[in-house]
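> This is model-v9.cif, which holds mmCIF, C-alpha atoms:
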```cif
data_work
loop_
_atom_site.label_atom_id
_atom_site.label_comp_id
_atom_site.auth_asym_id
_atom_site.auth_seq_id
_atom_site.Cartn_x
_atom_site.Cartn_y
_atom_site.Cartn_z
CA MET R 23 99.59 238.35 147.13
CA ALA R 24 97.78 235.55 148.91
CA LYS R 25 95.14 235.45 146.17
CA ARG R 26 97.80 235.30 143.44
CA LYS R 27 99.60 232.51 145.28
CA ARG R 28 96.38 230.51 145.62
CA ALA R 29 95.64 231.12 141.94
CA ARG R 30 99.07 229.86 140.91
CA GLU R 31 98.67 226.80 143.11
CA SER R 32 95.25 226.17 141.62
CA VAL R 33 96.70 226.34 138.10
CA ARG R 34 99.55 224.00 139.06
CA PHE R 35 97.05 221.55 140.61
CA THR R 36 94.86 221.67 137.51
CA LEU R 37 97.84 221.08 135.22
CA LEU R 38 99.01 218.20 137.44
CA MET R 39 95.58 216.56 137.32
CA LEU R 40 95.37 216.95 133.54
CA THR R 41 98.81 215.37 133.21
CA LEU R 42 97.77 212.45 135.42
CA VAL R 43 94.54 211.94 133.49
CA ALA R 44 96.45 211.94 130.21
CA ALA R 45 99.02 209.48 131.58
CA VAL R 46 96.29 207.15 132.82
CA GLY R 47 94.55 207.34 129.44
CA ILE R 48 97.74 206.50 127.55
CA ALA R 49 98.51 203.62 129.92
CA ALA R 50 94.98 202.24 129.58
CA LYS R 51 95.13 202.43 125.80
CA SER R 52 98.55 200.75 125.77
CA ARG R 53 97.23 197.98 128.05
CA SER R 54 94.16 197.43 125.89
CA VAL R 55 96.41 197.00 122.85
CA ARG R 56 98.56 194.49 124.71
CA ILE R 57 95.71 192.37 126.06
CA GLY R 58 93.10 192.84 123.31
CA LYS R 59 92.11 189.80 121.26
CA ILE R 60 93.67 189.40 117.83
CA SER R 61 92.16 187.95 114.68
CA TYR R 62 93.60 184.63 113.48
CA LEU R 63 93.06 185.60 109.84
CA GLU R 64 94.96 188.86 110.21
CA HIS R 65 97.92 187.11 111.85
CA ARG R 66 97.92 183.74 110.09
CA ASN R 67 101.22 184.56 108.38
CA ASP R 68 102.93 185.51 111.65
CA THR R 69 105.12 183.07 113.54
CA ALA R 70 103.21 181.06 116.14
CA VAL R 71 105.97 178.79 117.42
CA THR R 72 109.61 177.98 116.73
CA VAL R 73 110.63 174.32 117.05
CA ASP R 74 114.32 173.43 116.85
CA GLU R 75 115.01 176.80 115.18
CA THR R 76 112.34 176.28 112.50
CA GLU R 77 109.50 178.81 112.52
CA TYR R 78 105.89 177.72 112.06
CA LYS R 79 103.18 180.23 111.27
CA PHE R 80 99.65 180.33 112.63
CA ARG R 81 98.43 178.96 109.29
CA ASP R 82 100.62 175.90 109.89
CA LEU R 83 98.53 175.29 113.02
CA ALA R 84 95.22 175.80 111.19
CA PHE R 85 94.13 172.17 111.41
CA TYR R 86 94.94 171.84 115.10
CA LEU R 87 93.10 175.04 116.00
CA ALA R 88 90.06 174.10 113.92
CA TYR R 89 90.07 170.54 115.25
CA GLN R 90 90.02 171.73 118.85
CA GLU R 91 87.34 174.32 118.15
CA MET R 92 85.14 171.70 116.48
CA ALA R 93 85.60 169.30 119.40
CA ILE R 94 84.68 171.94 122.00
CA GLN R 95 81.74 173.20 119.92
CA ASN R 96 80.32 169.68 119.61
CA GLN R 97 80.53 169.24 123.38
CA ALA R 98 79.08 172.72 123.94
CA GLN R 99 76.04 171.94 121.80
CA ILE R 100 75.37 168.82 123.87
CA TYR R 101 75.76 170.83 127.06
CA ASP R 102 73.48 173.69 125.97
CA LEU R 103 72.39 173.90 122.36
CA GLU R 104 71.04 177.44 122.68
CA GLN R 105 73.87 178.98 124.71
CA THR R 106 77.10 177.23 123.78
CA ASP R 107 79.20 179.98 125.38
CA LYS R 108 78.31 178.51 128.77
CA TYR R 109 80.45 175.47 127.98
CA TRP R 110 83.19 177.42 126.22
CA ASN R 111 83.64 179.59 129.29
CA ALA R 112 83.36 176.76 131.81
CA HIS R 113 86.09 176.50 134.43
CA ALA R 114 87.54 173.11 135.40
CA ASN R 115 90.79 171.76 136.86
CA GLY R 116 92.01 175.26 137.63
CA SER R 117 91.64 176.57 134.09
CA PHE R 118 89.08 177.55 131.48
CA LEU R 119 88.13 174.92 128.90
CA ARG R 120 88.68 177.51 126.17
CA LEU R 121 92.30 178.05 127.22
CA GLU R 122 92.98 174.35 127.77
CA ALA R 123 91.74 173.52 124.29
CA LYS R 124 93.87 176.24 122.71
CA ASP R 125 97.00 175.08 124.52
CA GLN R 126 96.20 171.49 123.55
CA ALA R 127 96.18 172.57 119.90
CA MET R 128 99.68 173.99 120.30
CA ALA R 129 100.89 170.89 122.14
CA MET R 130 99.59 168.62 119.39
CA ALA R 131 101.26 170.71 116.71
CA VAL R 132 104.65 170.69 118.46
CA HIS R 133 104.35 166.94 119.07
CA ASP R 134 103.70 166.20 115.40
CA VAL R 135 106.46 168.55 114.22
CA ILE R 136 109.02 166.74 116.36
CA PHE R 137 107.98 163.26 115.23
CA TYR R 138 107.72 164.37 111.61
CA GLN R 139 111.27 165.72 111.77
CA MET R 140 112.41 162.37 113.20
CA ALA R 141 110.59 160.52 110.42
CA MET R 142 112.36 162.58 107.75
CA GLU R 143 115.75 162.08 109.40
CA ASN R 144 115.19 158.33 109.65
CA GLY R 145 113.84 157.94 106.12
CA THR R 146 110.50 156.63 107.36
CA GLU R 147 108.06 155.75 104.58
CA LEU R 148 104.30 155.32 104.49
CA THR R 149 102.59 152.27 103.05
CA GLN R 150 99.92 152.72 100.40
CA GLN R 151 97.32 151.73 102.97
CA GLU R 152 98.57 154.41 105.38
CA ILE R 153 98.50 157.02 102.61
CA GLU R 154 94.92 156.13 101.67
CA TYR R 155 93.84 156.25 105.32
CA MET R 156 95.44 159.68 105.70
CA GLU R 157 93.70 160.95 102.56
CA ASN R 158 90.34 159.71 103.83
CA GLN R 159 90.89 161.42 107.17
CA LYS R 160 91.73 164.69 105.42
CA THR R 161 88.66 164.46 103.20
CA ASP R 162 86.40 163.81 106.20
CA PHE R 163 87.81 166.77 108.10
CA TRP R 164 87.49 169.15 105.15
CA SER R 165 83.92 168.07 104.46
CA ASP R 166 83.02 168.56 108.15
CA LEU R 167 84.06 172.19 107.87
CA GLU R 168 81.14 174.33 106.86
CA GLU R 169 81.65 176.78 104.00
CA GLU R 170 82.07 179.68 106.42
CA GLY R 171 84.61 177.66 108.41
CA ARG R 172 86.67 177.02 105.28
CA GLU R 173 86.77 180.74 104.58
CA ARG R 174 87.59 181.68 108.15
CA ILE R 175 90.39 179.11 108.48
CA GLY R 176 92.28 181.00 105.79
CA VAL R 177 94.15 178.06 104.24
CA SER R 178 93.53 175.83 101.25
CA GLU R 179 92.55 172.16 101.22
CA GLU R 180 96.00 171.48 99.81
CA GLU R 181 97.65 173.03 102.87
CA ILE R 182 95.43 170.97 105.16
CA GLY R 183 96.48 167.95 103.12
CA ARG R 184 100.14 168.68 103.84
CA THR R 185 99.38 168.86 107.54
CA PHE R 186 97.62 165.48 107.40
CA SER R 187 100.61 164.04 105.55
CA GLN R 188 102.97 165.29 108.28
CA MET R 189 100.64 163.86 110.91
CA ALA R 190 100.69 160.47 109.19
CA TYR R 191 104.50 160.44 109.17
CA ALA R 192 104.53 161.56 112.81
CA GLN R 193 102.18 158.75 113.85
CA LYS R 194 104.24 156.20 111.92
CA GLN R 195 107.44 157.42 113.57
CA GLN R 196 105.81 157.36 117.00
CA LYS R 197 104.77 153.75 116.41
CA LEU R 198 108.26 152.75 115.28
CA LEU R 199 109.92 154.49 118.23
CA SER R 200 107.58 152.92 120.77
CA GLU R 201 108.30 149.47 119.31
CA GLU R 202 112.04 150.17 119.33
CA GLU R 203 111.95 151.30 122.96
CA GLY R 204 109.57 148.54 124.00
CA VAL R 205 106.98 150.89 125.49
CA ASP R 206 103.27 151.47 124.98
CA TYR R 207 102.50 153.69 121.96
CA ARG R 208 100.47 155.99 124.21
CA GLU R 209 103.55 156.85 126.27
CA TYR R 210 104.65 159.00 123.33
CA ASN R 211 101.34 160.84 123.11
CA VAL R 212 101.25 164.55 123.99
CA ASN R 213 100.84 163.90 127.72
CA GLY R 214 102.84 160.68 127.85
CA SER R 215 105.87 160.37 130.13
CA GLU R 216 108.17 159.14 127.34
CA TYR R 217 107.21 162.08 125.15
CA GLU R 218 107.85 164.53 127.98
CA ALA R 219 111.37 163.12 128.28
CA LEU R 220 111.84 163.33 124.49
CA LEU R 221 110.60 166.92 124.49
CA GLN R 222 113.44 167.89 126.80
CA LYS R 223 115.88 167.10 123.98
CA HIS R 224 114.25 169.66 121.70
CA THR R 225 113.72 173.40 121.86
CA TYR R 226 110.49 175.21 121.19
CA GLN R 227 109.38 178.76 121.80
CA VAL R 228 105.76 179.88 121.56
CA ASN R 229 105.11 183.43 120.38
CA GLU R 230 103.31 184.24 123.62
CA LYS R 231 102.82 187.87 122.61
CA LEU R 232 100.30 186.81 119.97
CA TRP R 233 99.31 183.37 121.23
CA LYS R 234 97.84 184.68 124.49
CA ARG R 235 95.72 187.18 122.55
CA LEU R 236 94.54 184.75 119.85
CA ASN R 237 90.74 184.81 119.82
CA PHE R 238 90.36 181.06 120.12
CA GLY R 239 86.78 179.90 119.76
CA LYS R 240 86.16 182.52 117.07
CA ILE R 241 88.45 181.14 114.38
CA ILE R 242 86.05 178.95 112.38
CA TYR R 243 82.93 180.04 114.25
CA ASP R 244 81.25 183.43 114.30
#
```
How does this structure look as structure tokens?

Amino acid sequence: MAKRKRARESVRFTLLMLTLVAAVGIAAKSRSVRIGKISYLEHRNDTAVTVDETEYKFRDLAFYLAYQEMAIQNQAQIYDLEQTDKYWNAHANGSFLRLEAKDQAMAMAVHDVIFYQMAMENGTELTQQEIEYMENQKTDFWSDLEEEGRERIGVSEEEIGRTFSQMAYAQKQQKLLSEEEGVDYREYNVNGSEYEALLQKHTYQVNEKLWKRLNFGKIIYD
């Protein structure tokens, strides 16, 4: 009887351990799916942020993401031409440069969306000189992208052109508002105090589920 009892207990213990191992495996797999990096290209048509109830996809942020990546990469090559990852993964001011640059891209996009909306509501118009300047800026940016970068960014030059147009309207509206309020133009920049107050009058929601997992630094670079 004692042997049978010990045998049954041994079987129960074995089954319990197998169940625990399976549960741990499932949990680990679920966690890896949640925290694993995602490809920008595969998710470029997914919503990245919602500003004042209007959804903007990752492809709408293509310029801002590429711009920040190019800026960090240029600095990284100066820091260590052979091992640029050292700079990308550097830690400063309580955060990683990689994460700060990514969040800065989002902040710039939200900023320009808000001022562009204001420009449209106020009937703001661009001068021919401002249009030509914007076109030149767009051309310079597109030419700075290497062929591989253009493929990896997953949007057309025309789409980038629309983003530059919105940026031009946003900058014009920011200038007009700063003059109207009698404050320095820079106060309405992304980190300016006047802009922070203006931001409180708007609503925006980042799709954190995907944004946190976006493989920033690997969008236009391999």
> How far is it from CA of Ser61 (chain R) to CA of Gln97 (chain R), in Å with one decimal?
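It comes out at 23.7 Å.
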> Could you write out as a list in words the residues that the PyMOL selection byres ((chain R and resi 109) around 10) matches in the shown file?
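With the PyMOL selection byres ((chain R and resi 109) around 10) on this model, the match is Ile94, Gln95, Gln97, Ala98, Gln99, Ile100, Tyr101, Asp102, Leu103, Gln105, Thr106, Asp107, Lys108, Trp110, Asn111, Ala112, His113, Phe118, Leu119 and Arg120 of chain R.
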> What does the PyMOL selection byres ((chain R and resi 210) around 12) select in this file, as JSON, numbers by chain?
{"R": [130, 133, 134, 136, 137, 192, 193, 194, 195, 196, 197, 198, 199, 200, 201, 203, 204, 205, 206, 207, 208, 209, 211, 212, 213, 214, 215, 216, 217, 218, 219, 220, 221]}
> List every residue of region 101-149 of chain R that has an atom at most 7 Å from any atom of region 178-191 of chain R, and for each one report the closest atom pair and its distance in Å to one decimal, counting only C-alpha atoms, with rows sorted by chain and then by increasing residue number, as JSON lines.

```
{"residue": "R:Asp134", "atom": "CA", "partner": "R:Met189", "partner_atom": "CA", "distance": 5.9}
{"residue": "R:Tyr138", "atom": "CA", "partner": "R:Tyr191", "partner_atom": "CA", "distance": 5.6}
{"residue": "R:Ala141", "atom": "CA", "partner": "R:Tyr191", "partner_atom": "CA", "distance": 6.2}
{"residue": "R:Leu148", "atom": "CA", "partner": "R:Tyr191", "partner_atom": "CA", "distance": 6.9}
```
> Out of R:Lys124, R:Lys160, R:Lys79, R:Lys223, which residue has the shortest atom-to-atom distance to Lys240 (chain R) when counting all atoms listed in the file?
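Among the listed residues, R:Lys124 lies closest to Lys240 (chain R).
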> Got a sec: who's within 12 Å of Tyr62 (chain R), counting all atoms listed in the file, leaving out chain neighbours fewer than 3 positions off, as a PyMOL selection string?
chain R and resi 59+65-70+79-84+87-88+173-177+232-243
> Would you mind reading off the distance between CA of Thr72 (chain R) and CA of Val228 (chain R), one decimal, in Å?
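CA of Val228 (chain R) lies 6.5 Å from CA of Thr72 (chain R).
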> To one decimal place, how far is CA of Gln227 (chain R) from CA of Asp244 (chain R) in Å?
29.5 Å
> As a PDB file, keeping the file's coordinate frame, please: region 154-168 of chain R completed to N, CA and C atoms.

```pdb
ATOM      1  N   GLU R 154      96.352 156.089 101.967  1.00  0.00           N
ATOM      2  CA  GLU R 154      94.920 156.130 101.670  1.00  0.00           C
ATOM      3  C   GLU R 154      94.123 156.491 102.924  1.00  0.00           C
ATOM      4  N   TYR R 155      94.524 155.943 104.060  1.00  0.00           N
ATOM      5  CA  TYR R 155      93.840 156.250 105.320  1.00  0.00           C
ATOM      6  C   TYR R 155      93.971 157.735 105.643  1.00  0.00           C
ATOM      7  N   MET R 156      95.181 158.265 105.453  1.00  0.00           N
ATOM      8  CA  MET R 156      95.440 159.680 105.700  1.00  0.00           C
ATOM      9  C   MET R 156      94.593 160.558 104.781  1.00  0.00           C
ATOM     10  N   GLU R 157      94.497 160.188 103.520  1.00  0.00           N
ATOM     11  CA  GLU R 157      93.700 160.950 102.560  1.00  0.00           C
ATOM     12  C   GLU R 157      92.219 160.952 102.947  1.00  0.00           C
ATOM     13  N   ASN R 158      91.735 159.807 103.409  1.00  0.00           N
ATOM     14  CA  ASN R 158      90.340 159.710 103.830  1.00  0.00           C
ATOM     15  C   ASN R 158      90.078 160.590 105.058  1.00  0.00           C
ATOM     16  N   GLN R 159      91.019 160.602 105.975  1.00  0.00           N
ATOM     17  CA  GLN R 159      90.890 161.420 107.170  1.00  0.00           C
ATOM     18  C   GLN R 159      90.836 162.907 106.815  1.00  0.00           C
ATOM     19  N   LYS R 160      91.691 163.295 105.868  1.00  0.00           N
ATOM     20  CA  LYS R 160      91.730 164.690 105.420  1.00  0.00           C
ATOM     21  C   LYS R 160      90.422 165.080 104.755  1.00  0.00           C
ATOM     22  N   THR R 161      89.909 164.192 103.904  1.00  0.00           N
ATOM     23  CA  THR R 161      88.660 164.460 103.200  1.00  0.00           C
ATOM     24  C   THR R 161      87.502 164.604 104.188  1.00  0.00           C
ATOM     25  N   ASP R 162      87.461 163.745 105.194  1.00  0.00           N
ATOM     26  CA  ASP R 162      86.400 163.810 106.200  1.00  0.00           C
ATOM     27  C   ASP R 162      86.459 165.126 106.969  1.00  0.00           C
ATOM     28  N   PHE R 163      87.665 165.527 107.346  1.00  0.00           N
ATOM     29  CA  PHE R 163      87.810 166.770 108.100  1.00  0.00           C
ATOM     30  C   PHE R 163      87.365 167.964 107.260  1.00  0.00           C
ATOM     31  N   TRP R 164      87.804 168.008 106.009  1.00  0.00           N
ATOM     32  CA  TRP R 164      87.490 169.150 105.150  1.00  0.00           C
ATOM     33  C   TRP R 164      85.990 169.227 104.867  1.00  0.00           C
ATOM     34  N   SER R 165      85.362 168.074 104.724  1.00  0.00           N
ATOM     35  CA  SER R 165      83.920 168.070 104.460  1.00  0.00           C
ATOM     36  C   SER R 165      83.130 168.448 105.714  1.00  0.00           C
ATOM     37  N   ASP R 166      83.701 168.184 106.897  1.00  0.00           N
ATOM     38  CA  ASP R 166      83.020 168.560 108.150  1.00  0.00           C
ATOM     39  C   ASP R 166      83.054 170.066 108.381  1.00  0.00           C
ATOM     40  N   LEU R 167      84.013 170.740 107.757  1.00  0.00           N
ATOM     41  CA  LEU R 167      84.060 172.190 107.870  1.00  0.00           C
ATOM     42  C   LEU R 167      82.948 172.807 107.030  1.00  0.00           C
ATOM     43  N   GLU R 168      82.157 173.650 107.637  1.00  0.00           N
ATOM     44  CA  GLU R 168      81.140 174.330 106.860  1.00  0.00           C
ATOM     45  C   GLU R 168      81.807 175.364 105.959  1.00  0.00           C
TER      46      GLU R 168
END
```
